[in-house]
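File shown: entry_29.cif. Contents: mmCIF, C-alpha atoms.
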```cif
data_final
#
loop_
_atom_site.label_atom_id
_atom_site.label_comp_id
_atom_site.auth_asym_id
_atom_site.auth_seq_id
_atom_site.Cartn_x
_atom_site.Cartn_y
_atom_site.Cartn_z
CA MET A 1 51.01 205.44 209.78
CA THR A 2 49.79 207.18 212.94
CA ILE A 3 51.77 207.37 216.19
CA GLN A 4 49.01 205.35 217.89
CA THR A 5 49.34 202.54 215.34
CA LYS A 6 53.12 202.48 215.72
CA LEU A 7 52.73 202.33 219.52
CA HIS A 8 50.30 199.41 219.32
CA ARG A 9 52.63 197.46 217.03
CA ALA A 10 55.62 198.18 219.27
CA LEU A 11 53.67 196.89 222.27
CA ASP A 12 52.63 193.78 220.35
CA ARG A 13 56.25 193.06 219.43
CA MET A 14 57.36 193.64 223.04
CA GLN A 15 54.67 191.27 224.30
CA ALA A 16 55.75 188.61 221.81
CA ARG A 17 59.38 188.93 222.94
CA TRP A 18 58.41 188.49 226.60
CA ILE A 19 56.37 185.38 225.78
CA ASN A 20 59.32 183.90 223.89
CA LEU A 21 61.67 184.66 226.79
CA LEU A 22 59.24 183.01 229.20
CA LEU A 23 59.04 179.88 227.05
CA LEU A 24 62.81 179.83 226.77
CA ALA A 25 63.23 180.14 230.55
CA VAL A 26 60.65 177.45 231.31
CA GLY A 27 62.23 175.15 228.73
CA LEU A 28 65.71 175.58 230.19
CA LEU A 29 64.32 175.02 233.70
CA ALA A 30 62.60 171.79 232.63
CA ILE A 31 65.82 170.56 230.98
CA ALA A 32 67.77 171.36 234.14
CA VAL A 33 65.23 169.54 236.32
CA GLY A 34 65.33 166.48 234.08
CA ALA A 35 69.12 166.46 233.97
CA LEU A 36 69.89 167.18 237.65
CA PHE A 37 67.22 165.28 239.57
CA ASP A 38 66.76 161.54 239.80
CA MET A 39 63.11 160.87 238.93
CA GLY A 40 63.49 157.57 237.20
CA THR A 41 63.89 156.95 233.52
CA ASP A 42 60.33 157.88 232.57
CA GLY A 43 60.26 161.05 234.67
CA LYS A 44 63.63 162.20 233.37
CA SER A 45 62.51 161.58 229.78
CA ILE A 46 59.30 163.56 230.29
CA TRP A 47 61.06 166.57 231.80
CA LEU A 48 63.78 166.57 229.15
CA SER A 49 61.26 166.16 226.32
CA VAL A 50 59.04 168.96 227.61
CA GLY A 51 62.06 171.23 228.20
CA CYS A 52 63.55 170.60 224.77
CA SER A 53 60.17 171.14 223.11
CA LEU A 54 59.63 174.47 224.90
CA PHE A 55 63.20 175.57 224.20
CA ALA A 56 62.92 174.69 220.51
CA SER A 57 59.52 176.38 220.25
CA ALA A 58 60.91 179.58 221.79
CA VAL A 59 63.88 179.63 219.42
CA VAL A 60 61.76 178.99 216.32
CA SER A 61 59.11 181.48 217.43
CA GLY A 62 61.74 184.14 218.12
CA LEU A 63 63.45 183.70 214.76
CA THR A 64 60.09 183.65 212.95
CA ALA A 65 58.89 186.77 214.78
CA ARG A 66 62.12 188.57 213.94
CA TYR A 67 61.76 187.66 210.27
CA LEU A 68 58.07 188.58 210.18
CA VAL A 69 58.71 191.92 211.90
CA ARG A 70 61.35 192.76 209.31
CA SER A 71 59.08 191.64 206.47
CA GLU A 72 56.21 193.67 207.85
CA SER A 73 58.49 196.68 208.20
CA ILE A 74 59.46 196.38 204.55
CA ARG A 75 55.81 196.04 203.53
CA GLU A 76 54.94 199.14 205.57
CA VAL A 77 57.63 201.15 203.77
CA VAL A 78 56.39 199.95 200.38
CA ARG A 79 52.77 200.76 201.25
CA ASP A 80 53.58 204.09 202.87
CA TRP A 81 55.71 205.29 199.97
CA GLY A 82 53.49 203.74 197.30
CA LEU A 83 56.33 201.91 195.57
CA VAL A 84 54.77 199.83 192.80
CA ALA A 85 57.81 198.59 190.90
CA ILE A 86 61.58 198.88 190.44
CA PHE A 87 62.69 198.58 186.83
CA ARG A 88 66.18 197.45 185.90
CA THR A 89 66.20 199.89 182.98
CA ARG A 90 64.10 202.78 181.77
CA GLN A 91 63.34 200.73 178.68
CA ASP A 92 61.62 198.19 180.94
CA MET A 93 59.80 201.04 182.67
CA ASN A 94 58.49 202.42 179.38
CA ARG A 95 55.91 199.66 179.01
CA SER A 96 54.25 200.61 182.31
CA ALA A 97 54.59 204.32 181.55
CA ASP A 98 52.92 203.80 178.17
CA ASP A 99 50.01 202.00 179.87
CA ALA A 100 49.66 204.91 182.30
CA LEU A 101 49.69 207.34 179.39
CA MET A 102 46.89 205.46 177.64
CA MET A 103 44.73 205.67 180.78
CA THR A 104 45.17 209.39 181.46
CA ASP A 105 43.10 212.18 179.96
CA SER A 106 43.89 214.82 182.58
CA HIS A 107 47.51 215.91 182.66
CA ILE A 108 51.09 214.79 182.25
CA ASP A 109 54.20 216.29 183.86
CA ILE A 110 57.69 215.44 182.63
CA ILE A 111 61.31 216.23 183.48
CA ALA A 112 63.61 214.86 180.81
CA TRP A 113 66.09 215.67 178.07
CA GLY A 114 64.70 215.60 174.54
CA LEU A 115 62.16 212.77 174.99
CA LYS A 116 63.20 211.28 171.65
CA SER A 117 62.02 207.73 172.41
CA PHE A 118 58.77 209.02 173.90
CA ARG A 119 58.07 211.29 170.93
CA ASP A 120 58.86 208.54 168.43
CA SER A 121 56.62 205.95 170.07
CA GLN A 122 53.77 208.02 171.55
CA ASP A 123 53.48 211.03 169.26
CA HIS A 124 50.08 210.04 167.86
CA VAL A 125 48.70 209.22 171.32
CA VAL A 126 49.83 212.54 172.82
CA ARG A 127 48.51 214.52 169.85
CA GLU A 128 45.08 212.92 170.16
CA LYS A 129 44.92 213.48 173.90
CA VAL A 130 46.05 217.10 173.56
CA ARG A 131 43.24 217.70 171.08
CA LYS A 132 40.84 216.39 173.74
CA GLY A 133 42.19 218.68 176.45
CA LEU A 134 45.18 216.92 177.99
CA ARG A 135 47.45 219.33 179.91
CA LEU A 136 51.17 218.75 179.36
CA ARG A 137 54.06 220.38 181.25
CA ILE A 138 57.69 219.62 180.44
CA LEU A 139 60.91 220.69 182.14
CA ALA A 140 64.02 220.19 180.00
CA PRO A 141 67.57 221.54 180.11
CA ASP A 142 68.40 224.56 177.98
CA PRO A 143 69.95 223.07 174.81
CA ASP A 144 72.82 225.58 175.05
CA SER A 145 73.54 224.72 178.68
CA PRO A 146 77.08 223.47 179.35
CA PHE A 147 75.48 220.66 181.34
CA VAL A 148 73.93 219.30 178.14
CA ALA A 149 77.34 219.14 176.48
CA GLN A 150 78.73 217.47 179.57
CA ARG A 151 75.98 214.87 179.56
CA GLU A 152 76.79 214.05 175.96
CA ARG A 153 80.34 213.31 177.06
CA ASP A 154 79.11 211.32 180.09
CA GLU A 155 76.98 209.08 177.85
CA ASN A 156 79.70 208.86 175.17
CA GLU A 157 77.30 210.44 172.70
CA VAL A 158 78.25 212.39 169.58
CA ALA A 159 78.63 216.09 170.36
CA GLY A 160 75.33 217.90 169.79
CA GLN A 161 73.21 214.71 169.83
CA ILE A 162 71.30 215.46 173.05
CA LYS A 163 71.18 219.17 172.23
CA ASN A 164 69.47 218.38 168.93
CA THR A 165 66.84 216.21 170.64
CA ILE A 166 65.96 219.13 172.94
CA ILE A 167 65.67 221.46 169.94
CA GLN A 168 63.39 218.89 168.29
CA LEU A 169 61.39 218.77 171.53
CA GLN A 170 60.82 222.53 171.26
CA ALA A 171 59.42 222.11 167.76
CA TRP A 172 57.22 219.22 168.89
CA VAL A 173 55.77 221.27 171.76
CA ALA A 174 55.04 224.13 169.37
CA GLU A 175 53.07 221.72 167.16
CA LEU A 176 51.12 220.43 170.16
CA GLN A 177 50.25 223.98 171.19
CA ARG A 178 48.73 224.57 167.77
CA LEU A 179 46.60 221.44 168.20
CA ALA A 180 45.38 222.27 171.70
CA LYS A 181 42.13 224.12 172.31
CA ASP A 182 44.03 226.10 174.93
CA PRO A 183 47.67 226.65 173.85
CA GLY A 184 48.58 227.33 177.48
CA ALA A 185 47.66 223.73 178.29
CA VAL A 186 50.94 222.61 176.68
CA GLN A 187 54.03 224.19 178.22
CA LEU A 188 57.79 223.75 178.02
CA ARG A 189 60.27 225.36 180.36
CA HIS A 190 64.06 225.21 180.25
CA TYR A 191 66.50 225.23 183.13
CA VAL A 192 70.24 225.79 183.34
CA CYS A 193 71.65 223.74 186.20
CA LEU A 194 72.68 220.18 186.95
CA PRO A 195 70.20 217.83 185.23
CA GLN A 196 67.24 216.74 187.32
CA ASP A 197 66.12 213.14 187.66
CA PHE A 198 63.92 211.76 184.94
CA TYR A 199 60.30 212.37 185.98
CA PHE A 200 57.07 211.26 184.31
CA ARG A 201 53.68 211.70 185.90
CA ALA A 202 50.45 210.60 184.26
CA ASP A 203 47.61 211.40 186.68
CA GLY A 204 48.05 208.99 189.63
CA HIS A 205 51.09 207.16 188.23
CA LEU A 206 54.58 208.52 188.73
CA PHE A 207 57.85 207.23 187.26
CA ILE A 208 61.24 208.53 188.30
CA GLY A 209 64.88 207.59 187.97
CA PRO A 210 68.38 209.09 188.10
CA TYR A 211 70.85 209.99 185.39
CA LEU A 212 73.99 207.94 186.01
CA TYR A 213 77.48 208.66 184.78
CA GLY A 214 78.58 206.60 181.81
CA ILE A 215 75.16 204.96 181.38
CA ALA A 216 72.61 205.97 178.75
CA SER A 217 69.37 207.20 180.28
CA GLN A 218 67.35 204.34 178.77
CA GLN A 219 69.59 201.84 180.56
CA THR A 220 69.16 203.37 184.03
CA VAL A 221 67.22 201.92 186.97
CA SER A 222 63.83 203.57 187.47
CA TYR A 223 60.94 203.44 189.93
CA GLU A 224 57.15 203.64 189.86
CA PHE A 225 55.00 205.19 192.60
CA CYS A 226 51.22 205.34 192.86
CA SER A 227 48.82 207.82 194.42
CA PRO A 228 47.96 208.41 197.19
CA SER A 229 51.27 207.78 198.92
CA ARG A 230 54.18 209.53 200.57
CA GLY A 231 56.46 208.92 197.59
CA PHE A 232 53.92 210.28 195.11
CA SER A 233 53.32 213.40 197.20
CA HIS A 234 57.03 213.95 197.80
CA TYR A 235 57.93 213.95 194.11
CA THR A 236 54.87 215.78 192.79
CA GLN A 237 55.37 218.57 195.32
CA TYR A 238 58.99 218.78 194.23
CA PHE A 239 57.93 219.14 190.60
CA GLU A 240 55.44 221.88 191.47
CA ARG A 241 58.11 223.77 193.40
CA LEU A 242 60.47 223.62 190.43
CA TRP A 243 57.76 224.59 187.98
CA ASP A 244 56.68 227.63 190.02
CA ASP A 245 60.22 228.83 190.71
CA PRO A 246 61.06 231.64 188.22
CA GLN A 247 64.73 231.30 189.15
CA PHE A 248 64.76 227.68 188.06
CA GLY A 249 62.79 227.42 184.85
CA ARG A 250 61.85 229.83 182.07
CA ALA A 251 59.34 229.55 179.26
CA GLN A 252 60.91 228.82 175.92
CA PRO A 253 60.92 231.96 173.68
CA GLY A 254 58.63 231.53 170.71
CA LEU A 255 56.28 229.22 172.58
CA THR A 256 53.09 230.23 174.28
CA THR A 257 53.81 231.86 177.64
CA PRO A 258 52.15 229.88 180.45
CA PRO A 259 49.27 231.78 182.05
CA ALA A 260 49.86 233.21 185.51
CA ARG A 261 48.47 231.18 188.37
CA GLY A 262 45.41 232.24 190.34
#
```

Can the structure in the file be given as structure tokens, please?
Amino acid sequence: MTIQTKLHRALDRMQARWINLLLLAVGLLAIAVGALFDMGTDGKSIWLSVGCSLFASAVVSGLTARYLVRSESIREVVRDWGLVAIFRTRQDMNRSADDALMMTDSHIDIIAWGLKSFRDSQDHVVREKVRKGLRLRILAPDPDSPFVAQRERDENEVAGQIKNTIIQLQAWVAELQRLAKDPGAVQLRHYVCLPQDFYFRADGHLFIGPYLYGIASQQTVSYEFCSPSRGFSHYTQYFERLWDDPQFGRAQPGLTTPPARG
């Protein structure tokens, strides 16, 4: 939203407030006139009726305007940030993410652990799209990272469970690289630091959500953003910064080394 647009809306709201105050003042004045001056029964009734009507209109209009301004403010935030949906769990989110996957033929970016559920349910779809030229980039924790072992404890998982899914992810990526016309189109990088939020981008659709203590990742609240929007740009730029930072991620040994940029 431009500064000019914000200024116009602020002026409109200010004008509305002044009109409501004027109605309120006139209404109170009419009530006072009807109550204090002797103008006969009919005259008194007219002044009181008009005053009460104006007073009530000002109150209702003020409350309505306040509610509408707040509602419009919320709508502006949603539009500006491109928030499409809030999912109670990542399982609920998966249905929308799967639809986005089916519609994309360009590229997919992911930050996750071992992507076990994704690999189990969408393996055939991803393989077919990779054969046709889909570009896939994945950031995942190093399986030997102490943070992986800690996450297993946080989710009350069996020791080594998450580590094994990341190792399986490595093997899956290697298979995809053999299917791709350009092996560099499918890339996996590991990082050794506190786990990042879950991140899944399929062209103009972006899904993101935190990792919460004591809650399995599939049971965690998640969000969907669309492009173009501030939210979409914010998170995609963040992914690119992580991906290009040699101090953050490293290509997995044994997999195709990603080609240098430009």

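Using only C-alpha atoms, the smallest distance between any of A:Leu21, A:Met93, A:Leu242, A:Cys193 and A:Gln219 comes from A:Met93.
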
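One finds atom CA of A:Ser73 at 16.2 Å from atom CA of A:Ser229.
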
Worksheet entry | Answer key for the PyMOL selection byres ((chain A and resi 119) around 12), residues as a VMD selection string | chain A and resid 98 112 to 118 120 to 127 165 to 166 168 to 173 176

Worksheet item: How many Å lie between atom CA of A:Lys129 and atom CA of A:Thr104, rounded to one decimal?
Response: 8.6 Å

Fill in: Between atom CA of A:Glu240 and atom CA of A:Ala97, distance in Å (one decimal)
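Calculated distance between atom CA of A:Glu240 and atom CA of A:Ala97 is 20.2 Å.
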
Discussion item. Can you spell out as a list in words the set of residues that the PyMOL selection byres ((chain A and resi 143) around 10) selects in the structure I just provided?
Written reply: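 So the PyMOL selection byres ((chain A and resi 143) around 10), applied here, picks out Trp113, Gly114, Ala140, Pro141, Asp142, Asp144, Ser145, Pro146, Phe147, Val148, Ala149, Gly160, Ile162, Lys163, Asn164, Thr165, Ile166, Ile167, Gln170, His190, Tyr191 and Val192 of chain A.
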
Worksheet item: Using all atoms listed in the file, which of the listed residues (A:Gln187, A:Gln161, A:Asn156, A:Gln237) sits closest to A:Tyr213?
Response: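 Answer, going by the shortest atom-to-atom distance: A:Asn156.
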
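Residues lying at most 8 Å from (57.0, 210.9, 181.6) in file coordinates, with only C-alpha atoms considered, are Ala97, Ile108, Asp109, Ile110, Ile111, Ala112, Phe198, Tyr199, Phe200, Arg201, Ala202, Leu206 and Phe207 of chain A.
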
Response to the item:
Counting all atoms listed in the file, the residue among A:Leu101, A:Ala180, A:Ala159, A:Leu139 that lies closest to A:Asp197 is A:Leu139

Can you pull out every residue within 10 Å of A:Gly27, counting only C-alpha atoms, but drop anything in the same chain fewer than 5 positions away, and send it as a PDB file with C-alpha atoms, keeping the file's coordinate frame?
```
ATOM      1  CA  LEU A  21      61.670 184.660 226.790  1.00  0.00           C
ATOM      2  CA  LEU A  22      59.240 183.010 229.200  1.00  0.00           C
ATOM      3  CA  ALA A  32      67.770 171.360 234.140  1.00  0.00           C
ATOM      4  CA  VAL A  33      65.230 169.540 236.320  1.00  0.00           C
ATOM      5  CA  TRP A  47      61.060 166.570 231.800  1.00  0.00           C
ATOM      6  CA  LEU A  48      63.780 166.570 229.150  1.00  0.00           C
ATOM      7  CA  SER A  49      61.260 166.160 226.320  1.00  0.00           C
ATOM      8  CA  VAL A  50      59.040 168.960 227.610  1.00  0.00           C
ATOM      9  CA  GLY A  51      62.060 171.230 228.200  1.00  0.00           C
ATOM     10  CA  CYS A  52      63.550 170.600 224.770  1.00  0.00           C
ATOM     11  CA  SER A  53      60.170 171.140 223.110  1.00  0.00           C
ATOM     12  CA  LEU A  54      59.630 174.470 224.900  1.00  0.00           C
ATOM     13  CA  PHE A  55      63.200 175.570 224.200  1.00  0.00           C
ATOM     14  CA  ALA A  56      62.920 174.690 220.510  1.00  0.00           C
ATOM     15  CA  SER A  57      59.520 176.380 220.250  1.00  0.00           C
ATOM     16  CA  ALA A  58      60.910 179.580 221.790  1.00  0.00           C
TER      17      ALA A  58
END
```

Fill in: Given all atoms listed in the file as the counted atoms, nearest of A:Gly204, A:Leu29, A:Val130, A:Tyr238 to A:Glu175
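For A:Glu175, the nearest of the candidates is A:Val130.
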
Worksheet entry | Test item: residues at most 12 Å from A:Thr220, all atoms listed in the file, excluding those fewer than 4 positions along its chain, as a PyMOL selection string | chain A and resi 86-94+155+197-198+208-216

Worksheet item: Expanded to explicit residues, what is the PyMOL selection byres ((chain A and resi 131-135) around 6) for this file, as a list in words?
Response: Asp105, Ser106, His107, Glu128, Lys129, Val130, Leu136, Leu179, Ala180, Ala185 and Val186 of chain A

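Comparing A:Arg137, A:Arg241, A:Arg230, A:His205 by their smallest distance to A:Leu188, the closest is A:Arg137 (using all atoms listed in the file).
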
Discussion item. Please determine, counting all atoms listed in the file, which residue among A:Val26, A:Ile138, A:Ile31, A:Cys226 has the shortest atom-to-atom distance to A:Trp81.
Written reply: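 Closest candidate: A:Cys226.
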